[in-house]
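A.B. asks: Pasting run-v7.pdb below, which is PDB, C-alpha atoms.
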```pdb
ATOM      1  CA  MET A   1      -6.973 -12.395  14.508  1.00  0.00           C
ATOM      2  CA  GLN A   2     -10.113 -10.990  12.955  1.00  0.00           C
ATOM      3  CA  ILE A   3     -11.191 -11.709   9.371  1.00  0.00           C
ATOM      4  CA  THR A   4     -13.868  -9.571   7.753  1.00  0.00           C
ATOM      5  CA  ARG A   5     -15.257 -11.263   4.684  1.00  0.00           C
ATOM      6  CA  SER A   6     -15.778  -9.095   1.616  1.00  0.00           C
ATOM      7  CA  ASP A   7     -19.354 -10.312   1.224  1.00  0.00           C
ATOM      8  CA  ASP A   8     -20.116  -8.898   4.701  1.00  0.00           C
ATOM      9  CA  GLN A   9     -19.170  -5.371   3.540  1.00  0.00           C
ATOM     10  CA  GLN A  10     -21.424  -2.882   1.794  1.00  0.00           C
ATOM     11  CA  THR A  11     -20.549   0.225  -0.180  1.00  0.00           C
ATOM     12  CA  MET A  12     -21.716   3.353   1.633  1.00  0.00           C
ATOM     13  CA  LYS A  13     -22.951   6.451  -0.167  1.00  0.00           C
ATOM     14  CA  GLY A  14     -20.978   9.442   1.080  1.00  0.00           C
ATOM     15  CA  PRO A  15     -23.181  11.718   3.203  1.00  0.00           C
ATOM     16  CA  ALA A  16     -24.122  15.098   1.707  1.00  0.00           C
ATOM     17  CA  ASP A  17     -22.746  16.948   4.738  1.00  0.00           C
ATOM     18  CA  TRP A  18     -19.293  15.402   4.102  1.00  0.00           C
ATOM     19  CA  PHE A  19     -19.193  15.654   0.285  1.00  0.00           C
ATOM     20  CA  THR A  20     -20.341  17.617  -2.746  1.00  0.00           C
ATOM     21  CA  GLY A  21     -21.492  15.302  -5.547  1.00  0.00           C
ATOM     22  CA  ASP A  22     -21.745  11.524  -5.581  1.00  0.00           C
ATOM     23  CA  VAL A  23     -19.110   9.693  -3.564  1.00  0.00           C
ATOM     24  CA  TYR A  24     -19.014   6.018  -2.577  1.00  0.00           C
ATOM     25  CA  ILE A  25     -16.982   4.566   0.287  1.00  0.00           C
ATOM     26  CA  ASP A  26     -15.764   1.029   0.936  1.00  0.00           C
ATOM     27  CA  ALA A  27     -14.146   0.252   4.288  1.00  0.00           C
ATOM     28  CA  VAL A  28     -10.688  -1.307   3.966  1.00  0.00           C
ATOM     29  CA  ALA A  29      -9.643  -1.345   7.636  1.00  0.00           C
ATOM     30  CA  ASP A  30     -11.635  -0.288  10.689  1.00  0.00           C
ATOM     31  CA  ALA A  31     -10.109   0.817  13.955  1.00  0.00           C
ATOM     32  CA  VAL A  32     -10.797  -2.197  16.178  1.00  0.00           C
ATOM     33  CA  ALA A  33      -9.620  -3.276  19.610  1.00  0.00           C
ATOM     34  CA  SER A  34      -6.401  -1.406  20.410  1.00  0.00           C
ATOM     35  CA  SER A  35      -5.792  -0.232  16.826  1.00  0.00           C
ATOM     36  CA  THR A  36      -6.488   3.401  15.914  1.00  0.00           C
ATOM     37  CA  PHE A  37      -5.758   2.846  12.199  1.00  0.00           C
ATOM     38  CA  ALA A  38      -8.520   3.029   9.585  1.00  0.00           C
ATOM     39  CA  SER A  39      -8.564   2.980   5.805  1.00  0.00           C
ATOM     40  CA  VAL A  40     -11.222   3.551   3.165  1.00  0.00           C
ATOM     41  CA  ASN A  41     -11.408   3.212  -0.602  1.00  0.00           C
ATOM     42  CA  VAL A  42     -13.263   6.293  -1.875  1.00  0.00           C
ATOM     43  CA  HIS A  43     -14.821   6.611  -5.340  1.00  0.00           C
ATOM     44  CA  PHE A  44     -15.487  10.186  -6.507  1.00  0.00           C
ATOM     45  CA  THR A  45     -17.676  10.797  -9.561  1.00  0.00           C
ATOM     46  CA  PRO A  46     -16.648  13.686 -11.846  1.00  0.00           C
ATOM     47  CA  GLY A  47     -16.859  16.966  -9.939  1.00  0.00           C
ATOM     48  CA  ALA A  48     -17.353  15.298  -6.547  1.00  0.00           C
ATOM     49  CA  ARG A  49     -15.182  16.376  -3.625  1.00  0.00           C
ATOM     50  CA  THR A  50     -14.851  16.379   0.132  1.00  0.00           C
ATOM     51  CA  ALA A  51     -15.722  19.314   2.342  1.00  0.00           C
ATOM     52  CA  TRP A  52     -12.805  21.096   3.981  1.00  0.00           C
ATOM     53  CA  HIS A  53     -11.571  18.884   6.813  1.00  0.00           C
ATOM     54  CA  THR A  54      -8.686  18.000   9.106  1.00  0.00           C
ATOM     55  CA  HIS A  55      -7.370  14.768  10.598  1.00  0.00           C
ATOM     56  CA  PRO A  56      -6.053  14.680  14.177  1.00  0.00           C
ATOM     57  CA  GLN A  57      -3.211  12.310  13.244  1.00  0.00           C
ATOM     58  CA  GLY A  58      -2.831  13.351   9.605  1.00  0.00           C
ATOM     59  CA  GLN A  59      -3.997  11.486   6.500  1.00  0.00           C
ATOM     60  CA  THR A  60      -2.380   9.759   3.557  1.00  0.00           C
ATOM     61  CA  VAL A  61      -4.293   9.697   0.272  1.00  0.00           C
ATOM     62  CA  TYR A  62      -3.086   7.242  -2.384  1.00  0.00           C
ATOM     63  CA  VAL A  63      -4.695   7.653  -5.833  1.00  0.00           C
ATOM     64  CA  THR A  64      -5.453   4.339  -7.560  1.00  0.00           C
ATOM     65  CA  GLU A  65      -7.590   5.432 -10.538  1.00  0.00           C
ATOM     66  CA  GLY A  66      -8.624   8.497 -12.494  1.00  0.00           C
ATOM     67  CA  VAL A  67      -7.569  12.113 -12.042  1.00  0.00           C
ATOM     68  CA  GLY A  68      -8.122  14.118  -8.890  1.00  0.00           C
ATOM     69  CA  LEU A  69      -7.519  17.442  -7.252  1.00  0.00           C
ATOM     70  CA  CYS A  70      -6.432  18.377  -3.750  1.00  0.00           C
ATOM     71  CA  GLN A  71      -5.707  21.561  -1.888  1.00  0.00           C
ATOM     72  CA  ARG A  72      -4.489  22.527   1.534  1.00  0.00           C
ATOM     73  CA  GLU A  73      -5.834  25.763   2.916  1.00  0.00           C
ATOM     74  CA  GLY A  74      -3.869  28.694   1.516  1.00  0.00           C
ATOM     75  CA  GLY A  75      -2.107  26.563  -1.101  1.00  0.00           C
ATOM     76  CA  PRO A  76      -2.599  25.938  -4.812  1.00  0.00           C
ATOM     77  CA  ILE A  77      -4.886  23.229  -6.177  1.00  0.00           C
ATOM     78  CA  GLU A  78      -2.767  20.216  -7.136  1.00  0.00           C
ATOM     79  CA  VAL A  79      -3.562  17.569  -9.777  1.00  0.00           C
ATOM     80  CA  LEU A  80      -3.358  13.933  -8.654  1.00  0.00           C
ATOM     81  CA  ARG A  81      -2.899  10.871 -10.874  1.00  0.00           C
ATOM     82  CA  PRO A  82      -2.698   7.122 -10.198  1.00  0.00           C
ATOM     83  CA  GLY A  83       0.279   6.295  -7.996  1.00  0.00           C
ATOM     84  CA  ASP A  84       0.428   9.785  -6.480  1.00  0.00           C
ATOM     85  CA  ARG A  85       0.509   9.871  -2.687  1.00  0.00           C
ATOM     86  CA  VAL A  86      -0.320  12.908  -0.548  1.00  0.00           C
ATOM     87  CA  PHE A  87       0.278  13.254   3.182  1.00  0.00           C
ATOM     88  CA  PHE A  88      -1.761  15.920   4.933  1.00  0.00           C
ATOM     89  CA  GLU A  89      -0.226  16.897   8.282  1.00  0.00           C
ATOM     90  CA  HIS A  90      -2.270  16.561  11.467  1.00  0.00           C
ATOM     91  CA  GLY A  91      -4.686  19.464  11.717  1.00  0.00           C
ATOM     92  CA  GLU A  92      -3.958  20.621   8.125  1.00  0.00           C
ATOM     93  CA  ASN A  93      -7.219  21.914   6.619  1.00  0.00           C
ATOM     94  CA  HIS A  94      -7.662  20.416   3.136  1.00  0.00           C
ATOM     95  CA  TRP A  95      -9.990  18.884   0.559  1.00  0.00           C
ATOM     96  CA  HIS A  96      -9.676  16.356  -2.261  1.00  0.00           C
ATOM     97  CA  GLY A  97     -11.849  14.985  -5.035  1.00  0.00           C
ATOM     98  CA  ALA A  98     -12.274  14.290  -8.733  1.00  0.00           C
ATOM     99  CA  THR A  99     -11.683  16.673 -11.625  1.00  0.00           C
ATOM    100  CA  PRO A 100     -14.801  17.961 -13.404  1.00  0.00           C
ATOM    101  CA  ALA A 101     -14.483  15.437 -16.254  1.00  0.00           C
ATOM    102  CA  ARG A 102     -12.912  12.366 -14.603  1.00  0.00           C
ATOM    103  CA  PHE A 103     -13.618   9.861 -11.868  1.00  0.00           C
ATOM    104  CA  MET A 104     -11.039   9.518  -9.107  1.00  0.00           C
ATOM    105  CA  VAL A 105     -10.496   6.677  -6.645  1.00  0.00           C
ATOM    106  CA  HIS A 106      -8.181   6.863  -3.661  1.00  0.00           C
ATOM    107  CA  LEU A 107      -7.254   4.961  -0.559  1.00  0.00           C
ATOM    108  CA  GLY A 108      -7.517   7.143   2.515  1.00  0.00           C
ATOM    109  CA  LEU A 109      -5.389   6.088   5.495  1.00  0.00           C
ATOM    110  CA  GLN A 110      -5.700   7.757   8.867  1.00  0.00           C
ATOM    111  CA  GLN A 111      -5.720   7.184  12.627  1.00  0.00           C
ATOM    112  CA  ASN A 112      -8.444   7.969  15.127  1.00  0.00           C
ATOM    113  CA  ASP A 113      -7.861  10.372  17.978  1.00  0.00           C
ATOM    114  CA  GLU A 114      -8.419   9.510  21.662  1.00  0.00           C
ATOM    115  CA  SER A 115     -12.200   9.956  21.264  1.00  0.00           C
ATOM    116  CA  GLY A 116     -12.309   7.553  18.288  1.00  0.00           C
ATOM    117  CA  SER A 117     -12.682  10.213  15.576  1.00  0.00           C
ATOM    118  CA  PRO A 118     -10.491  10.181  12.439  1.00  0.00           C
ATOM    119  CA  VAL A 119     -11.703  13.529  11.062  1.00  0.00           C
ATOM    120  CA  THR A 120     -13.103  16.972  11.841  1.00  0.00           C
ATOM    121  CA  ARG A 121     -15.346  18.199   9.042  1.00  0.00           C
ATOM    122  CA  GLY A 122     -15.637  21.820   7.988  1.00  0.00           C
ATOM    123  CA  GLU A 123     -17.486  23.879   5.403  1.00  0.00           C
ATOM    124  CA  HIS A 124     -18.167  22.639   1.906  1.00  0.00           C
ATOM    125  CA  VAL A 125     -15.692  23.638  -0.790  1.00  0.00           C
ATOM    126  CA  THR A 126     -17.548  26.294  -2.775  1.00  0.00           C
ATOM    127  CA  ASP A 127     -18.020  26.023  -6.520  1.00  0.00           C
ATOM    128  CA  GLU A 128     -15.761  29.080  -6.871  1.00  0.00           C
ATOM    129  CA  GLN A 129     -12.976  27.463  -4.815  1.00  0.00           C
ATOM    130  CA  TYR A 130     -13.286  24.239  -6.821  1.00  0.00           C
ATOM    131  CA  ALA A 131     -13.423  26.114 -10.164  1.00  0.00           C
ATOM    132  CA  ALA A 132      -9.983  27.558  -9.440  1.00  0.00           C
ATOM    133  CA  GLY A 133      -8.620  24.109 -10.362  1.00  0.00           C
ATOM    134  CA  ARG A 134     -10.544  23.653 -13.601  1.00  0.00           C
ATOM    135  CA  SER A 135      -7.561  24.526 -15.736  1.00  0.00           C
ATOM    136  CA  ALA A 136      -5.996  21.318 -14.387  1.00  0.00           C
TER     137      ALA A 136
END
```
Show the structure stored in the file as structure tokens.
C.D. replies:
Amino acid sequence: MQITRSDDQQTMKGPADWFTGDVYIDAVADAVASSTFASVNVHFTPGARTAWHTHPQGQTVYVTEGVGLCQREGGPIEVLRPGDRVFFEHGENHWHGATPARFMVHLGLQQNDESGSPVTRGEHVTDEQYAAGRSA
């Protein structure tokens, strides 16, 4: 058994090469020992979003607050609200983030691959790609 005390955890600012806008990440579960499972609580400020990315074992996003957007490559931009859950298939190129006028918070749940990586990051979502969802 391993207990990680909440006062031992710090909020991490999302790196600019992973995100557009201000994003803050709190670890929920780290892949430790034989576990490959990890989870994060991600806070997106209005207009903030991930870069395009894939997950080797897929990813579940569960929205807990605010209003968000997500898109898989080649698909429409979808609106997400609290309680909505999205599963992105393994290797499915996608992005997610907040709407232009609202914060969005989600739990991200994913597994690491054999090398210990939970994600492969791609190009940033352009302003034009993101603007396609502004009618949401």
A.B. asks: On this structure, which residues satisfy the PyMOL selection byres ((chain A and resi 68) around 10), written as a list in words?
C.D. replies: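 Selected by the PyMOL selection byres ((chain A and resi 68) around 10) in this file: Phe44, Pro46, Gly47, Ala48, Arg49, Val63, Glu65, Gly66, Val67, Leu69, Cys70, Glu78, Val79, Leu80, Arg81, Pro82, Asp84, His96, Gly97, Ala98, Thr99, Pro100, Ala101, Arg102, Phe103, Met104, Val105, His106 and Ala136 of chain A.
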A.B. asks: Would you work out the distance separating CA of Gln59 in chain A from CA of Gly74 in chain A, expressed in Å to one decimal?
C.D. replies: 17.9 Å
A.B. asks: By how many Å are CA of His53 in chain A and CA of Asn41 in chain A apart?
C.D. replies: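 These atoms are spaced 17.3 Å apart.
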A.B. asks: Decode the PyMOL selection byres ((chain A and resi 39) around 10) for the given file into explicit residues and return them as a PDB file with C-alpha atoms, in the coordinates of the input.
C.D. replies:
```
ATOM      1  CA  ASP A  26     -15.764   1.029   0.936  1.00  0.00           C
ATOM      2  CA  ALA A  27     -14.146   0.252   4.288  1.00  0.00           C
ATOM      3  CA  VAL A  28     -10.688  -1.307   3.966  1.00  0.00           C
ATOM      4  CA  ALA A  29      -9.643  -1.345   7.636  1.00  0.00           C
ATOM      5  CA  ASP A  30     -11.635  -0.288  10.689  1.00  0.00           C
ATOM      6  CA  ALA A  31     -10.109   0.817  13.955  1.00  0.00           C
ATOM      7  CA  PHE A  37      -5.758   2.846  12.199  1.00  0.00           C
ATOM      8  CA  ALA A  38      -8.520   3.029   9.585  1.00  0.00           C
ATOM      9  CA  VAL A  40     -11.222   3.551   3.165  1.00  0.00           C
ATOM     10  CA  ASN A  41     -11.408   3.212  -0.602  1.00  0.00           C
ATOM     11  CA  VAL A  42     -13.263   6.293  -1.875  1.00  0.00           C
ATOM     12  CA  GLN A  59      -3.997  11.486   6.500  1.00  0.00           C
ATOM     13  CA  THR A  60      -2.380   9.759   3.557  1.00  0.00           C
ATOM     14  CA  VAL A  61      -4.293   9.697   0.272  1.00  0.00           C
ATOM     15  CA  LEU A 107      -7.254   4.961  -0.559  1.00  0.00           C
ATOM     16  CA  GLY A 108      -7.517   7.143   2.515  1.00  0.00           C
ATOM     17  CA  LEU A 109      -5.389   6.088   5.495  1.00  0.00           C
ATOM     18  CA  GLN A 110      -5.700   7.757   8.867  1.00  0.00           C
ATOM     19  CA  GLN A 111      -5.720   7.184  12.627  1.00  0.00           C
ATOM     20  CA  PRO A 118     -10.491  10.181  12.439  1.00  0.00           C
TER      21      PRO A 118
END
```
A.B. asks: Could you tell me how far CA of Thr20 in chain A lies from CA of Asp113 in chain A, in Å and to one decimal?
C.D. replies: 25.3 Å
A.B. asks: Could you list, as an MDAnalysis selection string, every residue matched by the PyMOL selection byres ((chain A and resi 4) around 12) in this structure?
C.D. replies: chainID A and resid 1:3 5:10 27:30 32
A.B. asks: Would you kindly identify which residues have an atom no farther than 12 Å from (-24.9, 6.1, -1.8), using only C-alpha atoms and the file's own coordinates, and write them out as a list in words?
C.D. replies: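 Neighbouring residues, ordered by chain and number, come to Gln10, Thr11, Met12, Lys13, Gly14, Pro15, Ala16, Phe19, Gly21, Asp22, Val23, Tyr24, Ile25, Asp26, Val42, His43, Phe44 and Thr45 of chain A.
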A.B. asks: Need to verify the contact set: Asn93 in chain A, 6 Å, only C-alpha atoms, exclusion of same-chain residues closer than 4 positions in sequence. Can you return it as an NGL selection string?
C.D. replies: :A and (53-54 or 72-73)
A.B. asks: Choose the residue, out of A:His55, A:Phe88, A:Thr50, A:Tyr62, that has the smallest atom-to-atom separation from Thr126 in chain A; count only C-alpha atoms.
C.D. replies: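 With only C-alpha atoms as the atom set, the closest residue is A:Thr50.
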A.B. asks: Let me make sure I understand: among A:Ser117, A:Gln57, A:Thr64, A:Gln129, which one has the smallest atom-to-atom distance to Ile77 in chain A if we use only C-alpha atoms?
C.D. replies: A:Gln129
A.B. asks: May I have the centre and edge lengths, in Å to one decimal, of an axis-aligned box around the listed atoms of range 63-82 of chain A with 6 Å added to every side, as AutoDock Vina command-line options?
C.D. replies:
```
--center_x -5.4 --center_y 16.5 --center_z -4.8 --size_x 18.5 --size_y 36.4 --size_z 27.4
```
A.B. asks: Given the choices A:Ala33, A:Val86, A:Ala132, A:Ala51, which gets closest to Gly116 in chain A if the distance is worked out from only C-alpha atoms?
C.D. replies: A:Ala33
